[in-house]
>>> print(open('data32.txt').read())   # compact mmCIF, N, CA and C atoms
# COMPACT_ATOMS: atom_id res chain seq x y z
N HIS A 1040 21.27 -13.10 20.60
CA HIS A 1040 19.95 -12.51 20.80
C HIS A 1040 19.87 -11.81 22.16
N THR A 1041 20.85 -10.98 22.43
CA THR A 1041 20.88 -10.30 23.73
C THR A 1041 20.02 -9.06 23.73
N GLY A 1042 19.57 -8.62 22.56
CA GLY A 1042 18.79 -7.39 22.47
C GLY A 1042 19.67 -6.17 22.40
N GLU A 1043 20.99 -6.38 22.43
CA GLU A 1043 21.93 -5.26 22.37
C GLU A 1043 21.89 -4.62 20.99
N LYS A 1044 21.92 -3.29 20.99
CA LYS A 1044 21.91 -2.53 19.73
C LYS A 1044 23.09 -1.56 19.74
N PRO A 1045 24.26 -2.07 19.35
CA PRO A 1045 25.48 -1.26 19.45
C PRO A 1045 25.63 -0.16 18.41
N TYR A 1046 24.81 -0.18 17.37
CA TYR A 1046 24.94 0.81 16.30
C TYR A 1046 23.81 1.83 16.45
N THR A 1047 24.19 3.06 16.74
CA THR A 1047 23.21 4.11 17.05
C THR A 1047 23.26 5.22 16.02
N CYS A 1048 22.08 5.65 15.60
CA CYS A 1048 21.97 6.77 14.66
C CYS A 1048 22.33 8.07 15.37
N SER A 1049 23.27 8.80 14.80
CA SER A 1049 23.70 10.06 15.42
C SER A 1049 22.66 11.17 15.28
N ASP A 1050 21.71 11.00 14.36
CA ASP A 1050 20.68 12.02 14.16
C ASP A 1050 19.50 11.87 15.12
N CYS A 1051 19.05 10.62 15.34
CA CYS A 1051 17.83 10.44 16.14
C CYS A 1051 18.00 9.51 17.33
N GLY A 1052 19.14 8.85 17.44
CA GLY A 1052 19.39 7.99 18.59
C GLY A 1052 18.84 6.57 18.48
N LYS A 1053 18.20 6.24 17.39
CA LYS A 1053 17.66 4.89 17.23
C LYS A 1053 18.80 3.90 17.12
N GLY A 1054 18.66 2.74 17.81
CA GLY A 1054 19.71 1.74 17.83
C GLY A 1054 19.43 0.56 16.91
N PHE A 1055 20.53 -0.08 16.46
CA PHE A 1055 20.42 -1.21 15.54
C PHE A 1055 21.39 -2.30 15.93
N THR A 1056 21.02 -3.54 15.63
CA THR A 1056 21.88 -4.68 15.94
C THR A 1056 22.98 -4.85 14.90
N LYS A 1057 22.75 -4.36 13.70
CA LYS A 1057 23.73 -4.49 12.61
C LYS A 1057 24.05 -3.13 12.00
N ARG A 1058 25.31 -2.97 11.62
CA ARG A 1058 25.73 -1.72 10.98
C ARG A 1058 24.98 -1.51 9.65
N SER A 1059 24.74 -2.60 8.93
CA SER A 1059 24.04 -2.48 7.64
C SER A 1059 22.63 -1.91 7.82
N MET A 1060 21.98 -2.28 8.91
CA MET A 1060 20.64 -1.75 9.17
C MET A 1060 20.70 -0.26 9.52
N LEU A 1061 21.73 0.14 10.24
CA LEU A 1061 21.93 1.56 10.54
C LEU A 1061 22.15 2.33 9.24
N ASN A 1062 22.95 1.77 8.34
CA ASN A 1062 23.23 2.46 7.06
C ASN A 1062 21.95 2.65 6.25
N ILE A 1063 21.09 1.64 6.23
CA ILE A 1063 19.80 1.77 5.53
C ILE A 1063 18.94 2.82 6.22
N HIS A 1064 18.90 2.78 7.55
CA HIS A 1064 18.11 3.76 8.31
C HIS A 1064 18.57 5.19 8.03
N ARG A 1065 19.86 5.40 7.89
CA ARG A 1065 20.39 6.75 7.67
C ARG A 1065 19.72 7.42 6.47
N ARG A 1066 19.23 6.63 5.53
CA ARG A 1066 18.57 7.19 4.34
C ARG A 1066 17.31 7.97 4.71
N VAL A 1067 16.73 7.67 5.86
CA VAL A 1067 15.58 8.45 6.34
C VAL A 1067 15.99 9.91 6.50
N HIS A 1068 17.19 10.11 7.00
CA HIS A 1068 17.68 11.47 7.26
C HIS A 1068 18.32 12.12 6.04
N THR A 1069 18.99 11.33 5.21
CA THR A 1069 19.69 11.90 4.06
C THR A 1069 18.78 12.06 2.85
N GLY A 1070 17.68 11.29 2.83
CA GLY A 1070 16.79 11.34 1.68
C GLY A 1070 17.28 10.50 0.50
N GLU A 1071 18.37 9.76 0.70
CA GLU A 1071 18.92 8.94 -0.37
C GLU A 1071 17.93 7.83 -0.75
N LYS A 1072 17.69 7.69 -2.04
CA LYS A 1072 16.80 6.64 -2.56
C LYS A 1072 17.49 6.02 -3.79
N PRO A 1073 18.39 5.08 -3.55
CA PRO A 1073 19.21 4.55 -4.64
C PRO A 1073 18.53 3.51 -5.55
N TYR A 1074 17.33 3.09 -5.20
CA TYR A 1074 16.64 2.05 -6.00
C TYR A 1074 15.51 2.69 -6.80
N THR A 1075 15.63 2.65 -8.12
CA THR A 1075 14.67 3.33 -9.01
C THR A 1075 13.88 2.33 -9.83
N CYS A 1076 12.58 2.57 -9.90
CA CYS A 1076 11.69 1.71 -10.68
C CYS A 1076 11.96 1.92 -12.17
N PRO A 1077 12.19 0.85 -12.92
CA PRO A 1077 12.45 1.00 -14.35
C PRO A 1077 11.20 1.39 -15.15
N GLU A 1078 10.02 1.21 -14.56
CA GLU A 1078 8.77 1.53 -15.25
C GLU A 1078 8.39 3.00 -15.13
N CYS A 1079 8.51 3.55 -13.90
CA CYS A 1079 7.98 4.90 -13.68
C CYS A 1079 8.97 5.87 -13.07
N GLU A 1080 10.20 5.41 -12.83
CA GLU A 1080 11.28 6.27 -12.32
C GLU A 1080 11.12 6.66 -10.85
N LYS A 1081 10.12 6.15 -10.14
CA LYS A 1081 9.97 6.44 -8.72
C LYS A 1081 11.13 5.77 -7.98
N SER A 1082 11.68 6.44 -6.96
CA SER A 1082 12.84 5.92 -6.26
C SER A 1082 12.51 5.52 -4.83
N PHE A 1083 13.32 4.58 -4.30
CA PHE A 1083 13.08 4.01 -2.98
C PHE A 1083 14.37 3.87 -2.21
N ALA A 1084 14.26 3.89 -0.89
CA ALA A 1084 15.43 3.78 -0.02
C ALA A 1084 15.93 2.35 0.09
N THR A 1085 15.06 1.36 -0.11
CA THR A 1085 15.47 -0.04 0.02
C THR A 1085 15.04 -0.85 -1.21
N SER A 1086 15.77 -1.92 -1.45
CA SER A 1086 15.42 -2.78 -2.59
C SER A 1086 14.09 -3.49 -2.34
N SER A 1087 13.79 -3.81 -1.08
CA SER A 1087 12.52 -4.47 -0.80
C SER A 1087 11.34 -3.54 -1.06
N ALA A 1088 11.49 -2.26 -0.77
CA ALA A 1088 10.42 -1.29 -1.06
C ALA A 1088 10.21 -1.17 -2.57
N LEU A 1089 11.30 -1.19 -3.33
CA LEU A 1089 11.19 -1.16 -4.79
C LEU A 1089 10.47 -2.41 -5.30
N ASN A 1090 10.86 -3.58 -4.79
CA ASN A 1090 10.23 -4.82 -5.23
C ASN A 1090 8.73 -4.83 -4.94
N THR A 1091 8.35 -4.34 -3.78
CA THR A 1091 6.93 -4.25 -3.42
C THR A 1091 6.22 -3.30 -4.37
N HIS A 1092 6.82 -2.14 -4.63
CA HIS A 1092 6.24 -1.15 -5.53
C HIS A 1092 6.02 -1.73 -6.93
N CYS A 1093 6.98 -2.49 -7.42
CA CYS A 1093 6.91 -3.02 -8.79
C CYS A 1093 5.67 -3.87 -9.04
N ARG A 1094 5.07 -4.39 -7.98
CA ARG A 1094 3.83 -5.17 -8.13
C ARG A 1094 2.70 -4.33 -8.70
N ILE A 1095 2.76 -3.02 -8.53
CA ILE A 1095 1.76 -2.13 -9.12
C ILE A 1095 1.78 -2.29 -10.64
N HIS A 1096 2.97 -2.41 -11.19
CA HIS A 1096 3.12 -2.51 -12.64
C HIS A 1096 2.89 -3.93 -13.17
N THR A 1097 3.33 -4.92 -12.40
CA THR A 1097 3.23 -6.31 -12.88
C THR A 1097 1.87 -6.93 -12.58
N GLY A 1098 1.18 -6.38 -11.58
CA GLY A 1098 -0.10 -6.97 -11.18
C GLY A 1098 0.07 -8.19 -10.29
N GLU A 1099 1.30 -8.50 -9.89
CA GLU A 1099 1.56 -9.66 -9.04
C GLU A 1099 0.84 -9.50 -7.70
N LYS A 1100 0.18 -10.57 -7.25
CA LYS A 1100 -0.54 -10.56 -5.98
C LYS A 1100 -0.19 -11.84 -5.22
N PRO A 1101 0.94 -11.84 -4.50
CA PRO A 1101 1.42 -13.07 -3.87
C PRO A 1101 0.74 -13.44 -2.55
N TYR A 1102 -0.09 -12.56 -2.01
CA TYR A 1102 -0.71 -12.84 -0.72
C TYR A 1102 -2.18 -13.22 -0.91
N THR A 1103 -2.55 -14.41 -0.42
CA THR A 1103 -3.91 -14.93 -0.62
C THR A 1103 -4.64 -15.04 0.71
N CYS A 1104 -5.88 -14.58 0.73
CA CYS A 1104 -6.72 -14.70 1.93
C CYS A 1104 -7.07 -16.17 2.14
N PRO A 1105 -6.80 -16.70 3.33
CA PRO A 1105 -7.11 -18.11 3.58
C PRO A 1105 -8.62 -18.38 3.72
N LYS A 1106 -9.39 -17.33 3.86
CA LYS A 1106 -10.84 -17.51 4.04
C LYS A 1106 -11.62 -17.44 2.74
N CYS A 1107 -11.18 -16.58 1.80
CA CYS A 1107 -11.99 -16.39 0.59
C CYS A 1107 -11.18 -16.47 -0.71
N GLU A 1108 -9.87 -16.70 -0.60
CA GLU A 1108 -8.98 -16.83 -1.76
C GLU A 1108 -8.71 -15.53 -2.52
N LYS A 1109 -9.20 -14.39 -2.03
CA LYS A 1109 -8.90 -13.12 -2.68
C LYS A 1109 -7.40 -12.87 -2.57
N ARG A 1110 -6.80 -12.29 -3.60
CA ARG A 1110 -5.35 -12.10 -3.64
C ARG A 1110 -4.98 -10.63 -3.51
N PHE A 1111 -3.79 -10.39 -2.93
CA PHE A 1111 -3.33 -9.03 -2.65
C PHE A 1111 -1.86 -8.88 -2.99
N GLY A 1112 -1.48 -7.66 -3.33
CA GLY A 1112 -0.10 -7.36 -3.67
C GLY A 1112 0.77 -7.06 -2.47
N HIS A 1113 0.16 -6.75 -1.33
CA HIS A 1113 0.90 -6.37 -0.14
C HIS A 1113 0.38 -7.12 1.08
N ALA A 1114 1.29 -7.53 1.96
CA ALA A 1114 0.90 -8.24 3.18
C ALA A 1114 -0.01 -7.37 4.05
N ALA A 1115 0.28 -6.07 4.10
CA ALA A 1115 -0.54 -5.17 4.93
C ALA A 1115 -1.97 -5.07 4.41
N THR A 1116 -2.13 -5.13 3.09
CA THR A 1116 -3.47 -5.07 2.51
C THR A 1116 -4.24 -6.35 2.83
N LEU A 1117 -3.56 -7.49 2.79
CA LEU A 1117 -4.20 -8.75 3.19
C LEU A 1117 -4.60 -8.68 4.66
N ALA A 1118 -3.72 -8.18 5.51
CA ALA A 1118 -4.03 -8.09 6.94
C ALA A 1118 -5.27 -7.23 7.17
N ARG A 1119 -5.36 -6.12 6.46
CA ARG A 1119 -6.53 -5.24 6.58
C ARG A 1119 -7.78 -5.96 6.07
N HIS A 1120 -7.64 -6.69 4.97
CA HIS A 1120 -8.76 -7.44 4.40
C HIS A 1120 -9.27 -8.50 5.38
N LEU A 1121 -8.36 -9.17 6.08
CA LEU A 1121 -8.75 -10.23 7.01
C LEU A 1121 -9.73 -9.72 8.06
N GLN A 1122 -9.66 -8.43 8.36
CA GLN A 1122 -10.60 -7.84 9.33
C GLN A 1122 -12.03 -7.92 8.82
N THR A 1123 -12.21 -8.03 7.51
CA THR A 1123 -13.57 -8.11 6.97
C THR A 1123 -14.22 -9.44 7.33
N HIS A 1124 -13.41 -10.44 7.64
CA HIS A 1124 -13.94 -11.75 8.01
C HIS A 1124 -14.18 -11.86 9.51
N ASN A 1125 -13.68 -10.91 10.27
CA ASN A 1125 -13.83 -10.91 11.73
C ASN A 1125 -14.55 -9.64 12.14
N GLY A 1126 -14.92 -9.57 13.37
CA GLY A 1126 -15.40 -8.32 13.95
C GLY A 1126 -16.65 -7.73 13.34
N GLU A 1127 -17.11 -6.67 13.98
CA GLU A 1127 -18.32 -5.99 13.56
C GLU A 1127 -18.05 -5.03 12.42
N LYS A 1128 -19.08 -4.80 11.66
CA LYS A 1128 -19.02 -3.80 10.59
C LYS A 1128 -19.81 -2.59 11.07
N LEU A 1129 -19.07 -1.59 11.54
CA LEU A 1129 -19.68 -0.45 12.21
C LEU A 1129 -20.13 0.66 11.28
N TYR A 1130 -19.71 0.61 10.02
CA TYR A 1130 -20.00 1.69 9.08
C TYR A 1130 -21.04 1.21 8.07
N LYS A 1131 -22.24 1.80 8.14
CA LYS A 1131 -23.35 1.34 7.31
C LYS A 1131 -23.74 2.41 6.31
N CYS A 1132 -23.93 2.00 5.06
CA CYS A 1132 -24.34 2.91 4.00
C CYS A 1132 -25.81 3.27 4.19
N SER A 1133 -26.09 4.57 4.22
CA SER A 1133 -27.47 5.03 4.41
C SER A 1133 -28.32 4.82 3.15
N GLN A 1134 -27.66 4.62 2.02
CA GLN A 1134 -28.38 4.44 0.75
C GLN A 1134 -28.89 3.01 0.57
N CYS A 1135 -28.02 2.03 0.83
CA CYS A 1135 -28.38 0.64 0.53
C CYS A 1135 -28.28 -0.31 1.71
N GLY A 1136 -27.72 0.17 2.82
CA GLY A 1136 -27.64 -0.67 4.01
C GLY A 1136 -26.42 -1.56 4.11
N LYS A 1137 -25.57 -1.57 3.09
CA LYS A 1137 -24.37 -2.40 3.13
C LYS A 1137 -23.45 -1.89 4.23
N SER A 1138 -22.82 -2.82 4.97
CA SER A 1138 -21.97 -2.43 6.09
C SER A 1138 -20.50 -2.70 5.81
N PHE A 1139 -19.66 -1.90 6.46
CA PHE A 1139 -18.22 -1.99 6.26
C PHE A 1139 -17.51 -1.92 7.61
N ASN A 1140 -16.31 -2.48 7.66
CA ASN A 1140 -15.55 -2.44 8.91
C ASN A 1140 -14.64 -1.23 8.99
N ARG A 1141 -14.53 -0.45 7.91
CA ARG A 1141 -13.71 0.77 7.94
C ARG A 1141 -14.48 1.91 7.31
N GLY A 1142 -14.31 3.10 7.88
CA GLY A 1142 -14.97 4.28 7.33
C GLY A 1142 -14.51 4.59 5.92
N SER A 1143 -13.23 4.36 5.64
CA SER A 1143 -12.71 4.64 4.30
C SER A 1143 -13.36 3.73 3.26
N SER A 1144 -13.68 2.51 3.65
CA SER A 1144 -14.36 1.58 2.73
C SER A 1144 -15.77 2.06 2.44
N LEU A 1145 -16.45 2.56 3.46
CA LEU A 1145 -17.80 3.10 3.26
C LEU A 1145 -17.74 4.30 2.31
N MET A 1146 -16.79 5.19 2.53
CA MET A 1146 -16.67 6.38 1.67
C MET A 1146 -16.42 5.99 0.22
N ARG A 1147 -15.55 5.00 0.01
CA ARG A 1147 -15.26 4.53 -1.35
C ARG A 1147 -16.53 3.92 -1.96
N HIS A 1148 -17.26 3.14 -1.17
CA HIS A 1148 -18.50 2.51 -1.63
C HIS A 1148 -19.52 3.55 -2.06
N GLN A 1149 -19.61 4.64 -1.33
CA GLN A 1149 -20.64 5.65 -1.60
C GLN A 1149 -20.48 6.30 -2.97
N HIS A 1150 -19.31 6.19 -3.57
CA HIS A 1150 -19.12 6.71 -4.93
C HIS A 1150 -20.05 5.99 -5.92
N ILE A 1151 -20.40 4.75 -5.60
CA ILE A 1151 -21.32 3.99 -6.46
C ILE A 1151 -22.66 4.72 -6.56
N HIS A 1152 -23.11 5.26 -5.43
CA HIS A 1152 -24.41 5.93 -5.39
C HIS A 1152 -24.36 7.35 -5.96
N THR A 1153 -23.24 8.04 -5.73
CA THR A 1153 -23.13 9.43 -6.18
C THR A 1153 -22.71 9.53 -7.64
N GLY A 1154 -22.10 8.45 -8.16
CA GLY A 1154 -21.59 8.48 -9.52
C GLY A 1154 -20.24 9.16 -9.63
N GLU A 1155 -19.72 9.62 -8.50
CA GLU A 1155 -18.42 10.31 -8.49
C GLU A 1155 -17.31 9.31 -8.84
N LYS A 1156 -16.43 9.74 -9.71
CA LYS A 1156 -15.26 8.94 -10.09
C LYS A 1156 -14.03 9.83 -9.89
N PRO A 1157 -13.49 9.83 -8.67
CA PRO A 1157 -12.44 10.79 -8.32
C PRO A 1157 -11.04 10.48 -8.83
N TYR A 1158 -10.84 9.31 -9.44
CA TYR A 1158 -9.49 8.93 -9.88
C TYR A 1158 -9.40 9.01 -11.40
N ALA A 1159 -8.72 10.06 -11.89
CA ALA A 1159 -8.64 10.31 -13.33
C ALA A 1159 -7.25 9.97 -13.88
N CYS A 1160 -7.23 9.38 -15.05
CA CYS A 1160 -5.98 9.05 -15.74
C CYS A 1160 -5.38 10.34 -16.30
N SER A 1161 -4.12 10.58 -15.98
CA SER A 1161 -3.45 11.80 -16.44
C SER A 1161 -3.15 11.76 -17.94
N LYS A 1162 -3.15 10.57 -18.53
CA LYS A 1162 -2.84 10.44 -19.96
C LYS A 1162 -4.06 10.64 -20.86
N CYS A 1163 -5.22 10.10 -20.44
CA CYS A 1163 -6.38 10.15 -21.33
C CYS A 1163 -7.63 10.78 -20.71
N GLY A 1164 -7.58 11.02 -19.39
CA GLY A 1164 -8.71 11.68 -18.73
C GLY A 1164 -9.82 10.76 -18.26
N LYS A 1165 -9.75 9.47 -18.57
CA LYS A 1165 -10.79 8.54 -18.13
C LYS A 1165 -10.78 8.47 -16.60
N SER A 1166 -11.99 8.43 -16.00
CA SER A 1166 -12.10 8.44 -14.54
C SER A 1166 -12.60 7.11 -14.00
N PHE A 1167 -12.23 6.85 -12.73
CA PHE A 1167 -12.55 5.58 -12.10
C PHE A 1167 -13.04 5.79 -10.67
N LEU A 1168 -13.80 4.80 -10.19
CA LEU A 1168 -14.34 4.85 -8.84
C LEU A 1168 -13.25 4.68 -7.79
N ASP A 1169 -12.25 3.84 -8.09
CA ASP A 1169 -11.22 3.57 -7.10
C ASP A 1169 -9.83 3.60 -7.72
N LYS A 1170 -8.85 3.77 -6.85
CA LYS A 1170 -7.46 3.92 -7.28
C LYS A 1170 -6.93 2.66 -7.96
N SER A 1171 -7.33 1.49 -7.46
CA SER A 1171 -6.81 0.26 -8.06
C SER A 1171 -7.28 0.10 -9.51
N SER A 1172 -8.48 0.54 -9.81
CA SER A 1172 -8.97 0.47 -11.20
C SER A 1172 -8.17 1.42 -12.09
N LEU A 1173 -7.84 2.59 -11.56
CA LEU A 1173 -7.01 3.54 -12.31
C LEU A 1173 -5.64 2.93 -12.60
N ILE A 1174 -5.03 2.33 -11.59
CA ILE A 1174 -3.70 1.73 -11.76
C ILE A 1174 -3.74 0.62 -12.81
N THR A 1175 -4.77 -0.21 -12.75
CA THR A 1175 -4.93 -1.27 -13.75
C THR A 1175 -5.06 -0.67 -15.15
N HIS A 1176 -5.87 0.37 -15.27
CA HIS A 1176 -6.08 1.05 -16.55
C HIS A 1176 -4.77 1.63 -17.08
N GLN A 1177 -3.97 2.23 -16.21
CA GLN A 1177 -2.75 2.91 -16.64
C GLN A 1177 -1.74 1.97 -17.28
N ARG A 1178 -1.88 0.67 -17.06
CA ARG A 1178 -0.96 -0.30 -17.67
C ARG A 1178 -1.13 -0.34 -19.19
N ILE A 1179 -2.27 0.13 -19.71
CA ILE A 1179 -2.48 0.09 -21.16
C ILE A 1179 -1.74 1.20 -21.89
N HIS A 1180 -1.32 2.25 -21.18
CA HIS A 1180 -0.64 3.38 -21.82
C HIS A 1180 0.84 3.12 -21.99
>>> encode(input="data32.txt", output="structure tokens")
Amino acid sequence: HTGEKPYTCSDCGKGFTKRSMLNIHRRVHTGEKPYTCPECEKSFATSSALNTHCRIHTGEKPYTCPKCEKRFGHAATLARHLQTHNGEKLYKCSQCGKSFNRGSSLMRHQHIHTGEKPYACSKCGKSFLDKSSLITHQRIH
């Protein structure tokens, strides 16, 4: 644990402790994505990115909020959610007064009032208020 990074990327100079990590990093520059989703053919540079992506299709949600038991498919989404239990909610809906801790959450909420459903299924045309509902719907096709 000396912090030494003897393996350096010749393209950008970023250093790595292991050659295998450098080889994975090189895919950023080469565009190589050897891991392909069997459901939708989307490709990924790492097997872990593919595994995380596959949760979209399986609906698996391995991360649970310790405060409210809500479940999430990604650790980053849980981390963002945890902010709802802390801190101030600076974004307030002018229609109903509900407050949010992120501007993007307020914008998504406002679709309830406008009736706008910006996420449409490419297979059948049905529209949804949010992307997660569209993804859930697409599993039926």
>>> select_by_dssp(input="data32.txt", residues="chain A", states="strand (DSSP E or B)", output="count of residues only")
20
>>> select_by_dssp(input="data32.txt", residues="chain A", states="alpha helix (DSSP H)", output="PyMOL selection string")
chain A and resi 1058-1069+1086-1097+1114-1121+1142-1153+1170-1177
>>> atom_distance(input="data32.txt", atom1="atom CA of Thr1175 of chain A", atom2="atom CA of His1152 of chain A")
22.4 Å
>>> axis_aligned_box(input="data32.txt", around="segment 1072-1086 of chain A", padding_each_side="4 Å", output="AutoDock Vina command-line options")
--center_x 13.6 --center_y 2.1 --center_z -7.6 --size_x 19.2 --size_y 19.2 --size_z 23.3
>>> closest_residue(input="data32.txt", among="A:Cys1107, A:Cys1132, A:Ile1095, A:Leu1168", to="His1150 of chain A", atoms="only N, CA and C atoms")
A:Leu1168
>>> atom_distance(input="data32.txt", atom1="atom CA of Ala1084 of chain A", atom2="atom CA of Arg1066 of chain A")
6.4 Å
>>> residues_around(input="data32.txt", residues="Tyr1158 of chain A", least_positions_apart="5", cutoff="8 Å", atoms="only C-alpha atoms", output="list in words")
Ser1166, Phe1167, Leu1168, Asp1169, Lys1170 and Leu1173 of chain A
>>> residues_around(input="data32.txt", residues="segment 1054-1057 of chain A", least_positions_apart="6", cutoff="6.5 Å", atoms="all atoms listed in the file", output="JSON, numbers by chain")
{"A": [1043, 1044, 1045, 1046, 1047, 1048]}
>>> atom_distance(input="data32.txt", atom1="atom C of Arg1147 of chain A", atom2="atom CA of Ser1172 of chain A")
12.4 Å
>>> residues_around(input="data32.txt", residues="segment 1117-1122 of chain A", least_positions_apart="4", cutoff="8 Å", atoms="all atoms listed in the file", output="VMD selection string")
chain A and resid 1102 to 1106 1109 to 1113 1126 to 1127 1140 to 1141
>>> residues_near_point(input="data32.txt", point="(13.6, -0.4, -0.2)", cutoff="5 Å", atoms="all atoms listed in the file", output="short mmCIF file (atom, residue, chain, number, x, y, z; two decimals) with N, CA and C atoms, in the coordinates of the input")
data_model
loop_
_atom_site.label_atom_id
_atom_site.label_comp_id
_atom_site.auth_asym_id
_atom_site.auth_seq_id
_atom_site.Cartn_x
_atom_site.Cartn_y
_atom_site.Cartn_z
N PHE A 1083 13.32 4.58 -4.30
CA PHE A 1083 13.08 4.01 -2.98
C PHE A 1083 14.37 3.87 -2.21
N ALA A 1084 14.26 3.89 -0.89
CA ALA A 1084 15.43 3.78 -0.02
C ALA A 1084 15.93 2.35 0.09
N THR A 1085 15.06 1.36 -0.11
CA THR A 1085 15.47 -0.04 0.02
C THR A 1085 15.04 -0.85 -1.21
N SER A 1086 15.77 -1.92 -1.45
CA SER A 1086 15.42 -2.78 -2.59
C SER A 1086 14.09 -3.49 -2.34
N SER A 1087 13.79 -3.81 -1.08
CA SER A 1087 12.52 -4.47 -0.80
C SER A 1087 11.34 -3.54 -1.06
N ALA A 1088 11.49 -2.26 -0.77
CA ALA A 1088 10.42 -1.29 -1.06
C ALA A 1088 10.21 -1.17 -2.57
N LEU A 1089 11.30 -1.19 -3.33
CA LEU A 1089 11.19 -1.16 -4.79
C LEU A 1089 10.47 -2.41 -5.30
#
>>> closest_residue(input="data32.txt", among="A:Asn1090, A:Ser1161, A:Ser1144, A:Ser1171", to="Cys1076 of chain A", atoms="only N, CA and C atoms")
A:Asn1090
>>> closest_residue(input="data32.txt", among="A:Lys1128, A:Glu1078, A:Cys1051, A:Thr1041", to="His1096 of chain A", atoms="all atoms listed in the file")
A:Glu1078
